[in-house]
Every structure is written in C-alpha cells, then in structure tokens.
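Novice: data.cif is reproduced in full below (mmCIF, C-alpha atoms and all ligand atoms).
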```
data_query
#
loop_
_atom_site.label_atom_id
_atom_site.label_comp_id
_atom_site.auth_asym_id
_atom_site.auth_seq_id
_atom_site.Cartn_x
_atom_site.Cartn_y
_atom_site.Cartn_z
CA MET A 210 128.11 64.95 71.09
CA ALA A 211 130.13 68.10 71.51
CA LEU A 212 131.48 70.24 68.69
CA ILE A 213 129.16 70.55 65.68
CA PRO A 214 129.33 72.70 62.52
CA GLY A 215 127.59 76.08 62.45
CA LYS A 216 125.68 75.03 59.35
CA GLN A 217 124.16 72.02 61.15
CA ILE A 218 122.85 73.95 64.15
CA LEU A 219 121.37 76.75 62.04
CA GLU A 220 119.72 74.47 59.50
CA GLU A 221 118.21 72.39 62.31
CA ALA A 222 116.96 75.55 64.07
CA ARG A 223 115.47 76.81 60.83
CA LYS A 224 113.74 73.51 60.15
CA LYS A 225 112.21 73.41 63.64
CA GLY A 226 111.46 77.15 63.79
CA TYR A 227 113.46 78.15 66.87
CA GLY A 228 116.30 80.61 67.41
CA VAL A 229 119.76 79.71 68.68
CA GLY A 230 121.45 82.27 70.89
CA ALA A 231 125.08 82.99 70.02
CA TYR A 232 126.66 84.22 73.23
CA ASN A 233 129.92 86.18 73.26
CA VAL A 234 132.65 84.98 75.59
CA ASN A 235 135.85 86.46 76.99
CA ASN A 236 136.58 84.40 80.10
CA MET A 237 135.99 81.20 82.05
CA GLU A 238 133.02 82.39 84.09
CA GLN A 239 131.08 83.40 80.96
CA LEU A 240 131.74 80.02 79.36
CA GLN A 241 130.71 78.16 82.51
CA ALA A 242 127.51 80.21 82.78
CA ILE A 243 126.51 79.60 79.16
CA MET A 244 127.21 75.88 79.38
CA SER A 245 125.34 75.55 82.72
CA ALA A 246 122.34 77.24 81.12
CA ALA A 247 122.56 74.95 78.08
CA LYS A 248 122.76 71.89 80.34
CA GLU A 249 119.93 73.05 82.57
CA THR A 250 117.61 73.71 79.60
CA GLN A 251 119.05 70.97 77.34
CA SER A 252 119.72 73.49 74.56
CA PRO A 253 122.09 73.46 71.61
CA VAL A 254 124.31 76.53 71.83
CA ILE A 255 126.75 78.76 69.95
CA ILE A 256 129.69 80.14 71.92
CA GLN A 257 131.34 82.96 70.01
CA ALA A 258 134.54 84.95 70.42
CA SER A 259 135.05 88.26 68.67
CA ARG A 260 138.45 88.96 67.17
CA GLY A 261 138.89 91.55 69.94
CA ALA A 262 138.21 88.91 72.59
CA LEU A 263 140.66 86.48 70.97
CA LYS A 264 143.33 89.17 70.80
CA TYR A 265 142.71 90.13 74.46
CA SER A 266 143.28 86.51 75.50
CA ASN A 267 146.31 86.04 73.25
CA PHE A 268 144.16 83.65 71.14
CA THR A 269 145.13 80.34 72.73
CA TYR A 270 143.78 81.09 76.23
CA LEU A 271 140.24 81.69 75.02
CA GLY A 272 140.49 78.99 72.35
CA TYR A 273 141.39 76.37 74.97
CA LEU A 274 138.72 77.59 77.39
CA MET A 275 136.13 77.20 74.64
CA LYS A 276 137.40 73.70 73.91
CA ALA A 277 137.11 72.91 77.64
CA ALA A 278 133.47 74.02 77.52
CA VAL A 279 132.85 71.55 74.68
CA ILE A 280 134.71 68.67 76.34
CA GLU A 281 132.99 69.19 79.70
CA ASN A 282 129.53 68.95 78.08
CA PRO A 283 129.48 65.86 75.86
CA ASN A 284 125.68 65.80 75.61
CA ILE A 285 125.27 69.39 74.42
CA PRO A 286 125.69 70.31 70.73
CA VAL A 287 128.09 73.26 70.72
CA VAL A 288 129.38 75.49 67.92
CA MET A 289 132.65 77.39 68.40
CA HIS A 290 132.21 80.52 66.28
CA LEU A 291 134.39 83.50 65.33
CA ASP A 292 132.33 86.70 65.64
CA HIS A 293 133.14 89.58 63.26
CA GLY A 294 136.23 88.21 61.56
CA ASN A 295 137.57 91.08 59.45
CA SER A 296 139.99 89.31 57.10
CA LEU A 297 141.10 85.91 55.84
CA ASP A 298 143.94 86.14 58.35
CA SER A 299 141.54 86.42 61.33
CA VAL A 300 139.59 83.43 59.98
CA ILE A 301 142.75 81.33 59.61
CA LYS A 302 143.62 81.99 63.27
CA ALA A 303 140.14 80.83 64.40
CA VAL A 304 140.22 77.71 62.20
CA ASP A 305 143.66 76.87 63.64
CA LEU A 306 142.12 77.07 67.13
CA GLY A 307 139.53 74.46 66.14
CA PHE A 308 136.48 76.69 65.55
CA SER A 309 133.63 75.02 63.63
CA SER A 310 132.18 78.27 62.29
CA VAL A 311 133.45 81.71 61.32
CA MET A 312 131.96 85.06 60.45
CA ILE A 313 133.56 87.27 57.85
CA ASP A 314 132.13 90.75 58.23
CA GLY A 315 132.89 92.15 54.79
CA SER A 316 130.23 94.84 55.19
CA LEU A 317 133.10 96.86 56.66
CA MET A 318 136.71 97.26 55.62
CA GLU A 319 139.48 95.58 57.65
CA ASP A 320 139.52 98.51 60.09
CA GLY A 321 136.03 97.36 61.21
CA LYS A 322 134.72 100.93 60.86
CA THR A 323 134.64 102.05 57.23
CA ALA A 324 131.74 100.81 55.10
CA SER A 325 132.95 98.59 52.24
CA THR A 326 131.67 98.16 48.70
CA TYR A 327 129.51 95.24 47.60
CA GLU A 328 132.36 94.04 45.38
CA TYR A 329 134.83 94.04 48.29
CA ASN A 330 132.35 92.11 50.44
CA VAL A 331 131.85 89.43 47.78
CA LYS A 332 135.60 89.09 47.21
CA VAL A 333 136.64 88.76 50.87
CA THR A 334 133.69 86.46 51.66
CA ARG A 335 134.57 84.18 48.74
CA SER A 336 138.20 83.93 49.83
CA VAL A 337 137.10 82.96 53.36
CA ILE A 338 134.61 80.39 52.07
CA GLU A 339 137.27 78.76 49.90
CA TYR A 340 139.58 78.40 52.92
CA ALA A 341 136.94 77.45 55.52
CA HIS A 342 134.87 75.00 53.47
CA ALA A 343 138.01 73.08 52.49
CA ARG A 344 138.36 72.40 56.24
CA GLY A 345 134.68 71.68 56.92
CA VAL A 346 134.14 75.02 58.69
CA SER A 347 130.87 76.95 58.15
CA VAL A 348 130.79 80.62 57.12
CA GLU A 349 128.50 83.51 58.11
CA ALA A 350 128.70 86.77 56.14
CA GLU A 351 126.99 90.15 56.54
CA ILE A 352 125.25 92.43 54.11
CA GLY A 353 123.99 95.86 55.14
CA THR A 354 125.51 97.60 58.17
CA LEU A 355 124.42 97.77 61.77
CA GLY A 356 124.53 100.99 63.74
CA GLY A 357 126.30 101.36 67.08
CA LEU A 358 129.97 101.25 67.72
CA GLU A 359 131.71 98.53 69.70
CA ASP A 360 135.48 98.12 69.92
CA GLY A 361 136.28 98.07 66.23
CA VAL A 362 132.88 96.65 65.22
CA GLY A 363 130.45 98.95 63.44
CA SER A 364 130.52 102.05 61.30
CA GLY A 365 128.09 103.97 63.50
CA ASN A 366 125.68 104.27 60.54
CA ILE A 367 122.76 101.98 59.79
CA HIS A 368 122.21 100.81 56.21
CA LEU A 369 119.32 98.40 56.13
CA THR A 370 119.94 95.33 53.99
CA ASP A 371 118.62 95.58 50.44
CA PRO A 372 116.75 92.26 49.90
CA LYS A 373 117.67 92.05 46.21
CA GLU A 374 121.33 92.68 46.99
CA ALA A 375 121.16 90.00 49.71
CA LYS A 376 119.88 87.48 47.15
CA LYS A 377 122.59 88.48 44.65
CA PHE A 378 125.22 88.17 47.40
CA VAL A 379 124.10 84.70 48.50
CA ASP A 380 124.09 83.47 44.89
CA ALA A 381 127.52 85.00 44.21
CA THR A 382 129.22 83.60 47.32
CA GLY A 383 127.51 80.34 48.38
CA VAL A 384 127.72 81.44 52.02
CA ASP A 385 126.10 79.25 54.74
CA SER A 386 124.25 81.96 56.71
CA LEU A 387 123.67 85.67 56.35
CA ALA A 388 123.65 88.47 58.93
CA ILE A 389 121.26 91.25 57.93
CA ALA A 390 120.61 94.80 59.09
CA ILE A 391 116.97 95.51 59.98
CA GLY A 392 117.47 98.30 62.52
CA THR A 393 119.36 96.65 65.38
CA SER A 394 122.75 97.90 66.54
CA HIS A 395 125.53 96.74 68.83
CA GLY A 396 125.80 97.90 72.42
CA ALA A 397 123.46 99.21 75.12
CA TYR A 398 121.96 102.24 73.33
CA LYS A 399 119.97 100.85 70.43
CA PHE A 400 116.95 103.11 70.04
CA LYS A 401 116.24 106.78 70.79
CA GLY A 402 112.50 106.14 71.14
CA ALA A 403 110.56 102.88 70.86
CA ALA A 404 112.30 99.86 69.37
CA ASN A 405 111.59 99.74 65.67
CA LEU A 406 112.67 96.81 63.52
CA ALA A 407 112.10 96.59 59.77
CA PHE A 408 110.12 93.34 59.73
CA ASP A 409 108.95 94.09 56.17
CA VAL A 410 112.60 93.98 55.03
CA LEU A 411 113.14 90.71 56.95
CA LYS A 412 110.07 89.19 55.25
CA GLU A 413 111.33 90.21 51.81
CA ILE A 414 114.79 88.79 52.49
CA ARG A 415 113.31 85.53 53.84
CA ALA A 416 111.24 85.15 50.67
CA LEU A 417 114.29 85.62 48.44
CA ILE A 418 117.05 83.62 50.14
CA ASP A 419 117.12 80.02 51.28
CA ILE A 420 119.83 80.00 53.99
CA PRO A 421 119.62 80.72 57.75
CA ILE A 422 119.40 84.40 58.72
CA VAL A 423 121.41 85.96 61.58
CA LEU A 424 120.48 88.93 63.76
CA HIS A 425 123.33 90.88 65.37
CA GLY A 426 122.81 93.54 68.02
CA ALA A 427 120.00 91.50 69.54
CA SER A 428 120.46 92.18 73.26
CA SER A 429 117.30 93.26 75.09
CA VAL A 430 119.09 95.54 77.60
CA PRO A 431 116.65 94.61 80.42
CA LYS A 432 115.56 97.62 82.47
CA GLU A 433 116.05 95.73 85.74
CA LEU A 434 119.74 95.18 84.90
CA ILE A 435 120.25 98.84 83.97
CA ASP A 436 118.50 99.88 87.21
CA GLU A 437 120.77 97.54 89.19
CA VAL A 438 123.92 98.87 87.48
CA ASN A 439 122.83 102.46 88.15
CA LYS A 440 121.79 101.69 91.75
CA TYR A 441 125.29 100.48 92.59
CA GLY A 442 127.26 103.37 91.12
CA GLY A 443 126.94 102.86 87.36
CA LYS A 444 125.85 105.54 84.93
CA MET A 445 123.91 104.24 81.94
CA PRO A 446 121.04 106.66 81.31
CA GLY A 447 118.84 105.95 78.31
CA ALA A 448 120.08 102.42 77.60
CA THR A 449 117.56 100.41 75.55
CA GLY A 450 117.48 97.14 73.62
CA VAL A 451 115.36 94.87 71.47
CA PRO A 452 112.27 93.64 73.35
CA ILE A 453 111.91 89.88 73.69
CA ALA A 454 108.59 90.03 71.78
CA SER A 455 110.40 91.58 68.78
CA LEU A 456 113.02 88.83 68.86
CA GLN A 457 110.30 86.19 68.98
CA GLU A 458 108.62 87.86 66.00
CA ALA A 459 111.96 87.88 64.14
CA ILE A 460 112.38 84.15 64.88
CA LYS A 461 108.88 83.51 63.54
CA LEU A 462 109.75 85.45 60.39
CA GLY A 463 112.88 83.38 59.79
CA VAL A 464 115.81 84.47 61.98
CA SER A 465 117.77 81.43 63.25
CA LYS A 466 120.84 82.90 65.06
CA ILE A 467 120.52 85.64 67.66
CA ASN A 468 123.71 87.38 68.79
CA VAL A 469 123.91 88.43 72.42
CA ASP A 470 126.87 90.10 74.08
CA THR A 471 125.68 93.29 75.80
CA ASP A 472 123.09 91.60 78.06
CA GLY A 473 125.76 89.25 79.40
CA ARG A 474 128.05 92.20 80.09
CA LEU A 475 125.23 93.96 81.95
CA ALA A 476 124.37 90.92 84.09
CA ILE A 477 128.03 90.55 85.09
CA THR A 478 128.54 94.26 85.77
CA ALA A 479 125.37 94.53 87.87
CA ALA A 480 126.37 91.53 89.99
CA VAL A 481 129.97 92.67 90.49
CA ARG A 482 128.89 96.21 91.39
CA LYS A 483 126.35 94.89 93.91
CA VAL A 484 128.80 92.60 95.71
CA LEU A 485 131.50 95.25 95.92
CA ALA A 486 129.11 98.04 96.95
CA GLU A 487 127.54 95.93 99.67
CA ASN A 488 130.80 94.29 100.80
CA PRO A 489 133.58 96.85 100.46
CA GLU A 490 135.90 94.62 102.48
CA LYS A 491 135.87 91.86 99.82
CA PHE A 492 138.85 91.47 97.49
CA ASP A 493 138.82 87.81 96.39
CA PRO A 494 137.75 87.76 92.70
CA ARG A 495 135.77 84.58 93.34
CA ASP A 496 133.53 86.54 95.71
CA TYR A 497 132.28 88.75 92.87
CA LEU A 498 132.91 86.62 89.78
CA GLY A 499 130.97 83.71 91.34
CA PRO A 500 127.74 85.74 91.76
CA ALA A 501 128.34 87.25 88.30
CA ARG A 502 128.50 83.73 86.86
CA THR A 503 125.22 82.81 88.60
CA ALA A 504 123.50 85.97 87.31
CA LEU A 505 124.66 85.24 83.76
CA THR A 506 123.50 81.61 83.99
CA ASN A 507 120.00 82.75 84.98
CA LEU A 508 119.88 85.36 82.21
CA ILE A 509 120.80 82.79 79.57
CA ILE A 510 118.40 80.14 80.89
CA THR A 511 115.60 82.67 80.30
CA LYS A 512 116.89 83.47 76.81
CA MET A 513 117.06 79.79 75.87
CA GLN A 514 113.45 79.42 76.98
CA ASN A 515 112.35 82.60 75.17
CA PHE A 516 114.12 81.75 71.91
CA GLY A 517 112.59 78.24 71.89
CA THR A 518 115.99 76.51 72.06
CA ALA A 519 115.23 74.66 75.31
CA GLY A 520 114.78 70.91 75.02
CA HIS A 521 116.34 70.61 71.54
CA ALA A 522 119.80 69.25 72.48
CA LYS A 523 118.54 65.71 72.04
CA ASP A 524 117.55 66.23 68.37
CA TYR A 525 121.12 66.19 67.06
CA THR A 526 123.18 63.47 65.41
CA PRO A 527 126.41 65.45 65.30
CA LYS A 528 128.22 65.98 62.02
CA SER A 529 132.01 66.23 62.13
CA LEU A 530 134.15 68.73 60.25
CA GLU A 531 135.29 65.76 58.11
CA ASP A 532 131.63 65.10 57.16
CA MET A 533 131.27 68.76 56.25
CA LYS A 534 134.47 68.75 54.22
CA LYS A 535 133.06 65.96 52.06
CA LEU A 536 129.69 67.70 51.80
CA TYR A 537 131.24 70.99 50.66
CA ALA A 538 133.57 69.17 48.24
CA SER A 539 130.61 67.40 46.62
CA LYS A 540 128.92 70.71 45.72
O1 LIG B 601 129.48 92.51 67.96
C1 LIG B 601 130.36 92.77 68.75
C2 LIG B 601 130.49 92.04 70.01
O2 LIG B 601 129.71 92.65 71.00
C3 LIG B 601 131.92 91.91 70.40
O3 LIG B 601 132.42 93.06 70.94
O4 LIG B 601 134.60 93.47 69.81
O5 LIG B 601 134.08 94.41 72.10
O6 LIG B 601 134.52 91.96 71.78
P1 LIG B 601 134.02 93.25 71.18
P1 LIG B 602 124.59 93.12 71.38
O1 LIG B 602 125.52 94.26 71.57
O2 LIG B 602 123.19 93.59 71.13
O3 LIG B 602 124.65 92.12 72.47
O4 LIG B 602 125.03 92.37 70.02
C1 LIG B 602 126.09 91.46 70.04
C2 LIG B 602 126.52 91.04 68.69
O5 LIG B 602 125.90 91.30 67.68
C3 LIG B 602 127.76 90.25 68.60
O6 LIG B 602 128.15 90.00 67.29
ZN ZN B 603 127.72 91.62 65.92
#
```
Do you think you could lay out the structure here as structure tokens?
Ligand code: G3H
Ligand code: 13P
Ligand code: ZN
Specialist:
Amino acid sequence: MALIPGKQILEEARKKGYGVGAYNVNNMEQLQAIMSAAKETQSPVIIQASRGALKYSNFTYLGYLMKAAVIENPNIPVVMHLDHGNSLDSVIKAVDLGFSSVMIDGSLMEDGKTASTYEYNVKVTRSVIEYAHARGVSVEAEIGTLGGLEDGVGSGNIHLTDPKEAKKFVDATGVDSLAIAIGTSHGAYKFKGAANLAFDVLKEIRALIDIPIVLHGASSVPKELIDEVNKYGGKMPGATGVPIASLQEAIKLGVSKINVDTDGRLAITAAVRKVLAENPEKFDPRDYLGPARTALTNLIITKMQNFGTAGHAKDYTPKSLEDMKKLYASK
C-alpha cells in the first residue's frame, strides 16, 4: 500500500464522513509513534513536516525518516505532506524529497508573519499547483488567517475565512483542499475563555465549495497533559485547546483533515519531564525518549478513534503519483 496522494485520502475521508489526523513530525520517535498508532487502529494517516522541521533536520534526514515510516508499514495508506510551505521554492524541496502532498500557505507573505493580499495568495497558490500537479502531487492552500504564533507560522491575528472569498479562491486556483480559519489558532494557548468555533462560517463554506476542508490549530491541549507538565517542573498556566466534541462537530460539518502538532509536543514533554524528575540519575536518551514515544502512541490511538479514522486502512486501493499526474493532465 504505502504512499498515497493527499487528494485520495481526503476525498475518501470526505466520502465516508471521517476526519484524518495530520500529525507533525520532527524525529524518529514521533514517526514510530504515529505509525504504531495507525497500525494498531488500522487507520490511514498523514505525516506532515513543517518547513521549520525540514530545515532543522537539514531536509534529507527527516525526508528519509518519513520514507522509512512508509516502507515499514506496507498495509497502511500514508501521505507525506509539507505543512505551511511559504513559497514555490519550499514546495520544490518537498517534492524532491518524495512528498505526495504540499501546503502552500499564501494567506501570509513569505516571512510567514505578514498577512498577504487575496491576489498574492491566488498567484502563489497557482504557481505551486502548476508545479505540483505536473508531478502528481496534491496541493492544500489556506484562506483566512489563524491566530497564534508558532516559529514563523501565523500573523498573531485571526481573520475568519469569508465564505464567498473561499469559493472565489477555489474557482480561481483549482486547489485540491482548503484550510480555513474558524477561530482556531496554533500552539497551546488557543482561547481566553471557553472554546468558540465559528461553525456557522464552516457551514456556509461547506455549502459553497466542493473540495475537502482542512482545520489547522486543532490540538485539544488535554488538561491532564498540562497538569503533568506543570507537576514535573513545567510552567504552562492557562493553556487551552479545541475540545474533542468540537472537532467531532467540525468533522460532521465537513472538515476532513485535522492538523495536530501541539498535543504531540505536550505528550512528549510530559513524559520526558516525568522520567527525568523521578530518575535524576538517568542520562541515556532512550530512557526518556522511549516512554515519550509510548505516550505519543497512546495519544494518537485515541485521536484516531475519536476522529473516526480507525478501521479505514483497508478501504484503499492506492493511487500512485503517476496515476495522479494523468488525472491532473486530463483536466
Ligand atoms: O502549524 C505549525 C506547526 O505546529 C509547525 O510548527 O513551524 O514550529 O515546526 P513549527
Ligand atoms: P496545533 O498547534 O493546534 O497542534 O496545530 C498544528 C497545525 O495546525 C500544524 O499545521
Ligand atoms: Zn498549521
């Protein structure tokens, strides 16, 4: 089975009404945890690397680790996805590494911080689509901006997606999937008070566009993980995320891809802090990265069950990038 195009996994998820988690990766233990969870629950999965993560690993290290995850799991449909590409150049690097899906985040300028214009977004997205589709690679774009500020990802301001603009954008670009802003944000501090997502905006967008919808900033920031981090020396007061029930509602209303990075970071940090606090004599990285890997596996198993992905690995007859190339060329 192995590597499949982003478009295939999202269209299948949309058809069957479940959500596919797209889990950010930086290292081997994260990849092993995600793939163990996918195997355990028999789920299709998206493994995604941000451009920051690729740069951190000097591109090839992470690229080859992701390929290893695919090769080691022949019965699991896997998408290798670039998260928050900021330019055609970043997309070319990911395609060269063998990714089957890329995101171009043209909602922001290349600096990843300054809000862009609609015209800029259309132009950069079109240039990426021309390059990626010619190689069978699927493209996700973004319209509207998320709040929160991660390393180079996010303007810090929220601009909810305008449904009519989303429709215009999809028609103007021919993009495969669309990330929208309905009140989520990146990171561990998403809401001041109760979580509040603009489901009315999601409904309007769903009624107007006919491609899979993507939700970024979708970590739940579980209280038990924050308590564990704080118990063992961390300091994360007031961290909050998107409740599972809200994500399930979003899936019901038409979201197919759910981006999760922060929750994985929290599971790892809590486990590492616990081992080191309780065993100050330990210094072998395997002694703390092993438990971190187990904690992450368990977190993702639960997500796969909650998003409805579990059990769906068997549904796929994988399409190759060559198949996709022909399909895109015929349009
Ligand atoms: O959406 C952003 C992801 O959490 C990636 O974050 O740029 O720090 O790797 P990063
Ligand atoms: P979180 O920070 O909520 O995990 O969002 C991750 C994300 O959107 C990656 O693109
Ligand atoms: Zn994101």
Novice: Using all atoms listed in the file, which residue out of A:Val484, A:Ala303, A:Val410, A:Leu219 lies closest to Leu387 (chain A)?
Specialist: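 Nearest to Leu387 (chain A): A:Leu219.
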Novice: Taking only C-alpha atoms and all ligand atoms into account, produce a table as a Markdown table in which each residue of chain A with an atom at most 10 Å from an atom of ligand LIG 601 (chain B) appears once, together with its shortest atom pair and the distance in Å to one decimal, ordered by chain and rising number.
Specialist:
```
| residue | atom | partner | partner_atom | distance |
| --- | --- | --- | --- | --- |
| A:Tyr232 | CA | B:LIG601 | O2 | 9.2 |
| A:Asn233 | CA | B:LIG601 | C3 | 6.7 |
| A:Val234 | CA | B:LIG601 | O6 | 8.2 |
| A:Asn235 | CA | B:LIG601 | O6 | 7.7 |
| A:Gln257 | CA | B:LIG601 | C3 | 9.0 |
| A:Ala258 | CA | B:LIG601 | O6 | 7.1 |
| A:Ser259 | CA | B:LIG601 | O6 | 4.9 |
| A:Arg260 | CA | B:LIG601 | O4 | 6.5 |
| A:Gly261 | CA | B:LIG601 | O4 | 4.7 |
| A:Ala262 | CA | B:LIG601 | O6 | 4.9 |
| A:Leu263 | CA | B:LIG601 | O6 | 8.3 |
| A:Lys264 | CA | B:LIG601 | O6 | 9.3 |
| A:Tyr265 | CA | B:LIG601 | O6 | 8.8 |
| A:Asp292 | CA | B:LIG601 | O1 | 6.9 |
| A:His293 | CA | B:LIG601 | O1 | 6.6 |
| A:Gly294 | CA | B:LIG601 | O4 | 9.9 |
| A:Gly321 | CA | B:LIG601 | O4 | 9.5 |
| A:Leu355 | CA | B:LIG601 | O1 | 9.6 |
| A:Gly357 | CA | B:LIG601 | O1 | 9.4 |
| A:Leu358 | CA | B:LIG601 | C1 | 8.6 |
| A:Glu359 | CA | B:LIG601 | O5 | 5.3 |
| A:Asp360 | CA | B:LIG601 | O5 | 4.5 |
| A:Gly361 | CA | B:LIG601 | O4 | 6.1 |
| A:Val362 | CA | B:LIG601 | C1 | 5.8 |
| A:Gly363 | CA | B:LIG601 | O1 | 7.9 |
| A:Ser394 | CA | B:LIG601 | O1 | 8.7 |
| A:His395 | CA | B:LIG601 | O1 | 5.9 |
| A:Gly396 | CA | B:LIG601 | O2 | 6.7 |
| A:Ala397 | CA | B:LIG601 | O2 | 10.0 |
| A:His425 | CA | B:LIG601 | O1 | 6.9 |
| A:Gly426 | CA | B:LIG601 | O1 | 6.7 |
| A:Ala427 | CA | B:LIG601 | O1 | 9.7 |
| A:Ser428 | CA | B:LIG601 | O2 | 9.5 |
| A:Asn468 | CA | B:LIG601 | O1 | 7.8 |
| A:Val469 | CA | B:LIG601 | O2 | 7.3 |
| A:Asp470 | CA | B:LIG601 | O2 | 4.9 |
| A:Thr471 | CA | B:LIG601 | O2 | 6.3 |
| A:Asp472 | CA | B:LIG601 | O2 | 9.7 |
| A:Gly473 | CA | B:LIG601 | O2 | 9.9 |
| A:Arg474 | CA | B:LIG601 | O2 | 9.3 |
```
Novice: Put those residues in a file: C-alpha atoms, as a tab-separated table (two decimals), in the coordinates of the input.
Specialist:
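result.tsv written:
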```
chain	number	residue	atom	x	y	z
A	232	TYR	CA	126.66	84.22	73.23
A	233	ASN	CA	129.92	86.18	73.26
A	234	VAL	CA	132.65	84.98	75.59
A	235	ASN	CA	135.85	86.46	76.99
A	257	GLN	CA	131.34	82.96	70.01
A	258	ALA	CA	134.54	84.95	70.42
A	259	SER	CA	135.05	88.26	68.67
A	260	ARG	CA	138.45	88.96	67.17
A	261	GLY	CA	138.89	91.55	69.94
A	262	ALA	CA	138.21	88.91	72.59
A	263	LEU	CA	140.66	86.48	70.97
A	264	LYS	CA	143.33	89.17	70.80
A	265	TYR	CA	142.71	90.13	74.46
A	292	ASP	CA	132.33	86.70	65.64
A	293	HIS	CA	133.14	89.58	63.26
A	294	GLY	CA	136.23	88.21	61.56
A	321	GLY	CA	136.03	97.36	61.21
A	355	LEU	CA	124.42	97.77	61.77
A	357	GLY	CA	126.30	101.36	67.08
A	358	LEU	CA	129.97	101.25	67.72
A	359	GLU	CA	131.71	98.53	69.70
A	360	ASP	CA	135.48	98.12	69.92
A	361	GLY	CA	136.28	98.07	66.23
A	362	VAL	CA	132.88	96.65	65.22
A	363	GLY	CA	130.45	98.95	63.44
A	394	SER	CA	122.75	97.90	66.54
A	395	HIS	CA	125.53	96.74	68.83
A	396	GLY	CA	125.80	97.90	72.42
A	397	ALA	CA	123.46	99.21	75.12
A	425	HIS	CA	123.33	90.88	65.37
A	426	GLY	CA	122.81	93.54	68.02
A	427	ALA	CA	120.00	91.50	69.54
A	428	SER	CA	120.46	92.18	73.26
A	468	ASN	CA	123.71	87.38	68.79
A	469	VAL	CA	123.91	88.43	72.42
A	470	ASP	CA	126.87	90.10	74.08
A	471	THR	CA	125.68	93.29	75.80
A	472	ASP	CA	123.09	91.60	78.06
A	473	GLY	CA	125.76	89.25	79.40
A	474	ARG	CA	128.05	92.20	80.09
```
Novice: Given the choices A:Thr393, A:Thr354, A:Ser336, A:Ser252, which gets closest to Tyr525 (chain A) if the distance is worked out from all atoms listed in the file?
Specialist: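 Smallest separation from Tyr525 (chain A) among the options: A:Ser252.
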Novice: A:Lys540, A:Lys534, A:Lys412, A:Lys216: which is nearest His342 (chain A), counting only C-alpha atoms?
Specialist: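 Among the listed residues, A:Lys534 lies closest to His342 (chain A).
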Novice: Might you pull out every residue within 12 Å of Ala343 (chain A), with all atoms listed in the file counted and same-chain residues fewer than 6 positions away left off, and present them as a VMD selection string?
Specialist: chain A and resid 301 304 336 to 337 530 to 540
Novice: I need the residue nearest ligand ZN 603 (chain B) from this list: A:Pro286, A:Pro421, A:Gly307, A:Gly356. Use all atoms listed in the file for the distance.
Specialist: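 The closest residue to ligand ZN 603 (chain B) is A:Gly356.
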Novice: In Å, how far is it from CA of Ala479 (chain A) to CA of Lys491 (chain A)?
Specialist: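 Answer for the CA of Ala479 (chain A) to CA of Lys491 (chain A) separation: 16.1 Å.
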Novice: Out of A:Glu413, A:Glu433, A:Asp305, A:Asp314, which residue has the shortest atom-to-atom distance to ligand LIG 602 (chain B) when counting all atoms listed in the file?
Specialist: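 Smallest distance to ligand LIG 602 (chain B) is found for A:Asp314.
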Novice: Pull out region 520-525 of chain A, keep all heavy atoms, and write it as a PDB file, in the first residue's frame.
Specialist:
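So out_16.pdb came out as:
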```pdb
ATOM      1  N   GLY A 520      -9.919   1.762  11.554  1.00  0.00           N
ATOM      2  CA  GLY A 520     -10.564   0.693  10.786  1.00  0.00           C
ATOM      3  C   GLY A 520     -10.647   0.964   9.292  1.00  0.00           C
ATOM      4  O   GLY A 520     -11.064   0.094   8.525  1.00  0.00           O
ATOM      5  N   HIS A 521     -10.252   2.166   8.846  1.00  0.00           N
ATOM      6  CA  HIS A 521     -10.444   2.524   7.432  1.00  0.00           C
ATOM      7  C   HIS A 521      -9.235   2.258   6.533  1.00  0.00           C
ATOM      8  O   HIS A 521      -9.311   2.514   5.322  1.00  0.00           O
ATOM      9  CB  HIS A 521     -10.875   3.989   7.305  1.00  0.00           C
ATOM     10  CG  HIS A 521     -12.310   4.200   7.685  1.00  0.00           C
ATOM     11  ND1 HIS A 521     -13.351   3.728   6.923  1.00  0.00           N
ATOM     12  CD2 HIS A 521     -12.884   4.790   8.762  1.00  0.00           C
ATOM     13  CE1 HIS A 521     -14.501   4.036   7.493  1.00  0.00           C
ATOM     14  NE2 HIS A 521     -14.244   4.684   8.633  1.00  0.00           N
ATOM     15  N   ALA A 522      -8.146   1.726   7.077  1.00  0.00           N
ATOM     16  CA  ALA A 522      -6.955   1.479   6.234  1.00  0.00           C
ATOM     17  C   ALA A 522      -7.281   0.527   5.087  1.00  0.00           C
ATOM     18  O   ALA A 522      -6.781   0.672   3.975  1.00  0.00           O
ATOM     19  CB  ALA A 522      -5.818   0.921   7.083  1.00  0.00           C
ATOM     20  N   LYS A 523      -8.166  -0.404   5.377  1.00  0.00           N
ATOM     21  CA  LYS A 523      -8.465  -1.463   4.391  1.00  0.00           C
ATOM     22  C   LYS A 523      -9.270  -0.956   3.185  1.00  0.00           C
ATOM     23  O   LYS A 523      -9.361  -1.640   2.161  1.00  0.00           O
ATOM     24  CB  LYS A 523      -9.215  -2.607   5.066  1.00  0.00           C
ATOM     25  CG  LYS A 523     -10.548  -2.167   5.650  1.00  0.00           C
ATOM     26  CD  LYS A 523     -11.298  -3.339   6.230  1.00  0.00           C
ATOM     27  CE  LYS A 523     -12.645  -2.988   6.821  1.00  0.00           C
ATOM     28  NZ  LYS A 523     -12.993  -1.603   7.107  1.00  0.00           N
ATOM     29  N   ASP A 524      -9.842   0.235   3.279  1.00  0.00           N
ATOM     30  CA  ASP A 524     -10.726   0.727   2.197  1.00  0.00           C
ATOM     31  C   ASP A 524      -9.982   1.156   0.933  1.00  0.00           C
ATOM     32  O   ASP A 524     -10.605   1.433  -0.083  1.00  0.00           O
ATOM     33  CB  ASP A 524     -11.523   1.964   2.654  1.00  0.00           C
ATOM     34  CG  ASP A 524     -12.305   1.720   3.926  1.00  0.00           C
ATOM     35  OD1 ASP A 524     -12.424   0.550   4.321  1.00  0.00           O
ATOM     36  OD2 ASP A 524     -12.790   2.698   4.531  1.00  0.00           O
ATOM     37  N   TYR A 525      -8.654   1.285   1.034  1.00  0.00           N
ATOM     38  CA  TYR A 525      -7.922   1.972  -0.035  1.00  0.00           C
ATOM     39  C   TYR A 525      -7.346   1.068  -1.114  1.00  0.00           C
ATOM     40  O   TYR A 525      -6.719   0.055  -0.830  1.00  0.00           O
ATOM     41  CB  TYR A 525      -6.758   2.784   0.567  1.00  0.00           C
ATOM     42  CG  TYR A 525      -7.228   4.004   1.325  1.00  0.00           C
ATOM     43  CD1 TYR A 525      -7.823   3.880   2.573  1.00  0.00           C
ATOM     44  CD2 TYR A 525      -7.119   5.274   0.777  1.00  0.00           C
ATOM     45  CE1 TYR A 525      -8.292   4.981   3.267  1.00  0.00           C
ATOM     46  CE2 TYR A 525      -7.584   6.386   1.459  1.00  0.00           C
ATOM     47  CZ  TYR A 525      -8.159   6.233   2.702  1.00  0.00           C
ATOM     48  OH  TYR A 525      -8.623   7.334   3.381  1.00  0.00           O
TER      49      TYR A 525
END
```
